[in-house]
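K.L.:
This is the structure I want to talk about, given as structure tokens.
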Amino acid sequence: MATDNRPLSPHLQIYKPQLTSVLSIVHRGTGVFLTIGAFFLTCWLLALADGPELFARLQAHLTSWYGQILVYAFVFSLYFHLCNGIRHLFWDVGLGLDIDVVYKTGYTVVAASVIFTLLTLCLAAGGMA
Amino acid sequence: MSLSTPLAKARGLGSAKSGTHHWIAQRLTAIALIPLCIWFVFSLVSMTELNYQMAIDWIQSPLSAIFLLLFIIAMFHHAQLGMQVVIEDYIDCKVIKITGLVLLKLVSFFAALAAATAVLKIYLGP
């Protein structure tokens, strides 16, 4: 049918990256990454339910340098998706849609997710909240 | 030759009439996940050391078990709703798209149930 040959639009590569579009795609990206995290949580809980041996083996990987990078990538993604998700919920009720407010809340979301991630890192390293 | 009228052709099969439900479910789970995510991260961070016994003790407290179950249900429901949209948006090939959607729904349900079963096993104890 003719519908198969219709031109595709919009062509993403002709647009200059902007905060609005970048945060939108990062929201999706972190969402997909956190879905992988959800499956990791299932594995972690299954290992815990299985017993101390399997749990210790998994925990050894998670506390290694590559495990910690993965864990904090999940932590950052979670904070970003959480903060930006709240921004989306405000948009859904019609608040904060003016372009200057969109930019302000956008920068706030980026700053908040970085600060919360660093705070979590410090609290976890300190051993106690 | 098709016997359908031009109007019927233009209309196609029409709306699936389920878009609003998807939209509302995604927002509802998002709202539920705000306190649940904060609780989850805070619980893990506030443990002095994340060892086997600490993790078991944590899940054996009734409140933790209930919150963890709520977290698992809301998270997997929210995740599969979001992944569904991503697959629908970016995968062009109909066969891969539908296979992906079916796998997503089934695997998400399986993983959620597996996680919930693990929590219940730990909560109910040996």
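Following the order of the structure tokens, first chain is A, next is B, and so on, with residues numbered from 1 inside each chain and ligands from 1 in the order they appear.
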As a PyMOL selection string, please: every residue in chain B that a backbone DSSP assignment puts in alpha helix (DSSP H).

P.N.:
chain B and resi 6-11+19-45+52-60+62-90+94-124

K.L.:
Which residues are close to B:Leu113, i.e. within 12 Å by only C-alpha atoms, leaving aside same-chain residues fewer than 2 positions away? Reply as a list in words.

P.N.:
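Listed by chain and then number, they are Phe39, Thr42, Cys43, Leu45 and Leu46 of chain A; Leu69, Leu70, Ile72, Ile73, Phe76, His77, Leu106, Val107, Ser108, Phe109, Phe110, Ala111, Ala115, Ala116, Thr117, Ala118, Val119 and Leu120 of chain B.
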
K.L.:
Using only C-alpha atoms, I'd like every residue of chain B that has an atom within 7 Å of chain A; please write them out as a list in words.

P.N.:
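Result, ordered by chain then number: Ile34, Val45, Ser46, Met47, Thr48, Glu49, Tyr52, Ala79, Met83, Ala111, Ala114, Ala115, Ala118, Val119, Lys121 and Ile122 of chain B.
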
K.L.:
So, with only C-alpha atoms as the atoms that count, which of B:Met75, B:Leu68, B:Ser61, B:Trp39 lies closest to B:Gln26?

P.N.:
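Of B:Met75, B:Leu68, B:Ser61, B:Trp39, the one nearest B:Gln26 is B:Met75, counting only C-alpha atoms.
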
K.L.:
Residues within 10 Å of A:Val26, please, as a PyMOL selection string. Count only C-alpha atoms; anything in the same chain fewer than 3 positions from it doesn't count.

P.N.:
chain A and resi 21-23+29-32+77+80-81+84

K.L.:
Please measure the separation of atom CA of B:Leu104 and atom CA of B:Leu81, giving the value in Å to one decimal.

P.N.:
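Computing the Euclidean distance for atom CA of B:Leu104 and atom CA of B:Leu81 yields 9.6 Å.
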
K.L.:
For the atom pair atom CA of A:Ala111 and atom CA of A:Ala73, what is the interatomic distance in Å to one decimal place?

P.N.:
15.7 Å
